[in-house]
Amino acid sequence: MNSNQIDGLREALKHSPDNVPLRKMLAEALFGLTQYEEAEKEYREALRFAPADNSLKLGLAETFLRAGKTSAAQVVAEEILDAEANNAAAIMILSKLAFEKDDVKAAKDLYDKAVKLDSTVENVNYTNDLNQKLKDSGMAMSYIIDEQLNDLLLSSDIEKPKISFADVGGMESIKEEIALKVIHPIKNPEIYKAFGKKTGGGVLLYGPPGCGKTMLARATAGEINAHFISVGINEVLDMWIGSSERNLHDLFDQARMNTPCVLFFDEVDALGASRTDMRKAAGRFLINQFLDEMDGVKYSNDGILILGATNCPWYLDAAFRRPGRFDRIVFVEPPDKLAREEILKLTLKDKPIENIDYSGLAKLMEDYSGADIKAVIDISIEAKLPESIKLGRVIPVTNADIKNAINRHKATTREWFATAKNYALYSNESGLYDDILRYLKIKK
């Protein structure tokens with residue numbers, strides 16, 4: 001477009017200043033002539049009339065990028081992605097920004113993500129520049145090796161647990177709830193398919209630390225004879241932008257290839273923290289990837305049970321609790337008296353003991369988690385070791401020893417309930433935390 005045509009567009013806008021398509025055309029023309037300051041001015045003016053127009057924001061971000069205003073370009077690109085998570089052009093801008101900062105691996109990962117979403121954004125010259133920079137930095141080979149090591153790591157983590165609900169002390173009501181929501185659908189897939197219901201889905205286990213959420217997840221897999229993949233945060237999070245999303249996708253793919261499968265995410269709040277708390281695009285990308293994988297739109301999740309465990313459900317993005325995701329939520333409370341007796345018996349099994357009053361001890365350990373009970377037993381055993389070594393024979397643990405240990409180790413769950421109580425009382429519009437109030441015997 002020549003200068004006369006530019007002048008013509010400006011003249012037309014004098015008579016119709018709110019004509020967004022016309023102003024966009026002028027901004028694009030100015031951009032093409034590398035008049036970036038003028039292009040920026042026109043994009044800003046157009047956005048004043050159409051503030052939600054992502055195509056205008058994209059043009060402004062590209063203008064900032066060409067003008068060397070990298071911080072402004074990143075802010076606008078991330079704003080676009082907040083509204084449209086899979087906008088390939090905006091992701092491409094972030095890739096170029098990473099390239100400018102010499103973060104070549106992040107640039108490559110973002111570029112691959114953008115091209116996968118929309119092949120039309122592929123740029124041969126930029127691809128060559130990326131590959132050359134990877135080669136020059138020595139990362140090209142490590143990039144391939146990282147992929148291979150990741151595949152080996154994932155394939156080695158699949159197991160079939162030997163334990164079942166019989167190995168979990170007490171918790172009968174929780175087992176019954178999990179059976180109703182999880183086990184029956186997996187064991188009776190034909191009935192559910194007849195009603196058009198898929199087997200699998202997501203269940204969130206929440207409660208104080210040490211109350212058996214991980215063991216319940218493993219026992220659930222054992223109960224339905226399913227494969228089990230336990231995912232720790234360190235297996236997903238990666239310092240490189242894009243790598244975390246790829247790790248997450250690979251984990252879901254492993255589960256899909258090994259159905260029926262329980263995919264268990266411990267400390268899921270660390271992976272799915274609220275997007276409003278995320279200050280960088282990388283965190284939002286990971287959450288959006290997690291949600292896409294859970295939805296199973298591109299890939300079938302039939303036969304996959306996704307279990308998440310968290311001590312802090314209030315930090316989990318609300319989008320995770322929508323139907324089809326973690327829509328089934330189970331409160332794993334500290335074991336009741338009968339459960340504490342069972343845990344004591346299981347923990348003391350095959351250990352030298354004498355005159356143990358399981359019922360009396362369980363009564364003294366109200367609010368104690370399973371981990372607390374095991375800590376009490378460890379303390380009582382450690383107290384007997386010096387005497388046993390001195391006398392050269394095994395001295396059994398007595399009821400008095402365990403009572404002394406109870407006095408030394410207090411219930412760690414009480415600190416958790418002090419925090420949870422505030423959320424249950426003041427941030428509980430949906431009734432999500434009613435089980436906490438019930439446990440604490442508090443009426444709203």
# chains A, B, ... in the order shown; residues from 1 in each chain; ligands from 1
>>> select_by_dssp(residues="range 229-439 of chain A", states="helix (DSSP H, G or I)", output="count of residues only")
117
>>> residues_around(residues="Ala88 in chain A", least_positions_apart="5", cutoff="7 Å", atoms="only C-alpha atoms", output="list in words")
Ala114, Leu117 and Asp118 of chain A
>>> residues_around(residues="Ala383 in chain A", least_positions_apart="6", cutoff="9 Å", atoms="only C-alpha atoms", output="PyMOL selection string")
chain A and resi 397+401+405
>>> residues_around(residues="range 364-370 of chain A", least_positions_apart="4", cutoff="8 Å", atoms="only C-alpha atoms", output="ChimeraX atom specification")
/A:208-212,334-337,340,343,360,374,406,410-414
>>> write_last_selection(atoms="C-alpha atoms", output="compact mmCIF listing (two decimals), in the first residue's frame")
# COMPACT_ATOMS: atom_id res chain seq x y z
CA PRO A 208 -5.26 -33.28 56.53
CA PRO A 209 -1.82 -34.69 55.69
CA GLY A 210 -1.01 -38.22 56.75
CA CYS A 211 -4.58 -39.56 56.71
CA GLY A 212 -4.05 -42.16 54.00
CA PRO A 334 -8.61 -38.52 60.39
CA PRO A 335 -9.41 -42.14 61.27
CA ASP A 336 -12.22 -42.75 63.75
CA LYS A 337 -11.72 -44.82 66.91
CA ARG A 340 -7.29 -46.09 64.85
CA ILE A 343 -4.07 -48.96 62.26
CA GLY A 360 -7.90 -47.65 75.27
CA LYS A 374 2.87 -44.62 63.12
CA ILE A 406 1.26 -40.27 72.83
CA LYS A 410 0.41 -34.53 69.52
CA ALA A 411 -2.03 -34.74 66.60
CA THR A 412 -0.64 -32.81 63.63
CA THR A 413 -4.10 -32.60 62.02
CA ARG A 414 -5.26 -29.91 64.47
>>> residues_around(residues="Ile306 in chain A", least_positions_apart="6", cutoff="7 Å", atoms="only C-alpha atoms", output="compact mmCIF listing (two decimals) with N, CA and C atoms, in the first residue's frame")
# COMPACT_ATOMS: atom_id res chain seq x y z
N GLY A 201 -13.10 -41.09 34.96
CA GLY A 201 -13.43 -39.74 35.43
C GLY A 201 -12.45 -39.31 36.50
N GLY A 202 -12.83 -38.28 37.25
CA GLY A 202 -11.91 -37.72 38.23
C GLY A 202 -12.50 -37.66 39.63
N VAL A 203 -11.67 -38.00 40.61
CA VAL A 203 -12.07 -37.93 42.02
C VAL A 203 -10.97 -37.20 42.77
N VAL A 262 -5.41 -46.26 36.99
CA VAL A 262 -5.60 -45.17 37.96
C VAL A 262 -4.40 -44.25 37.84
N LEU A 263 -4.65 -43.01 37.45
CA LEU A 263 -3.61 -42.00 37.33
C LEU A 263 -3.72 -41.09 38.55
N PHE A 264 -2.74 -41.19 39.43
CA PHE A 264 -2.84 -40.52 40.73
C PHE A 264 -1.89 -39.34 40.81
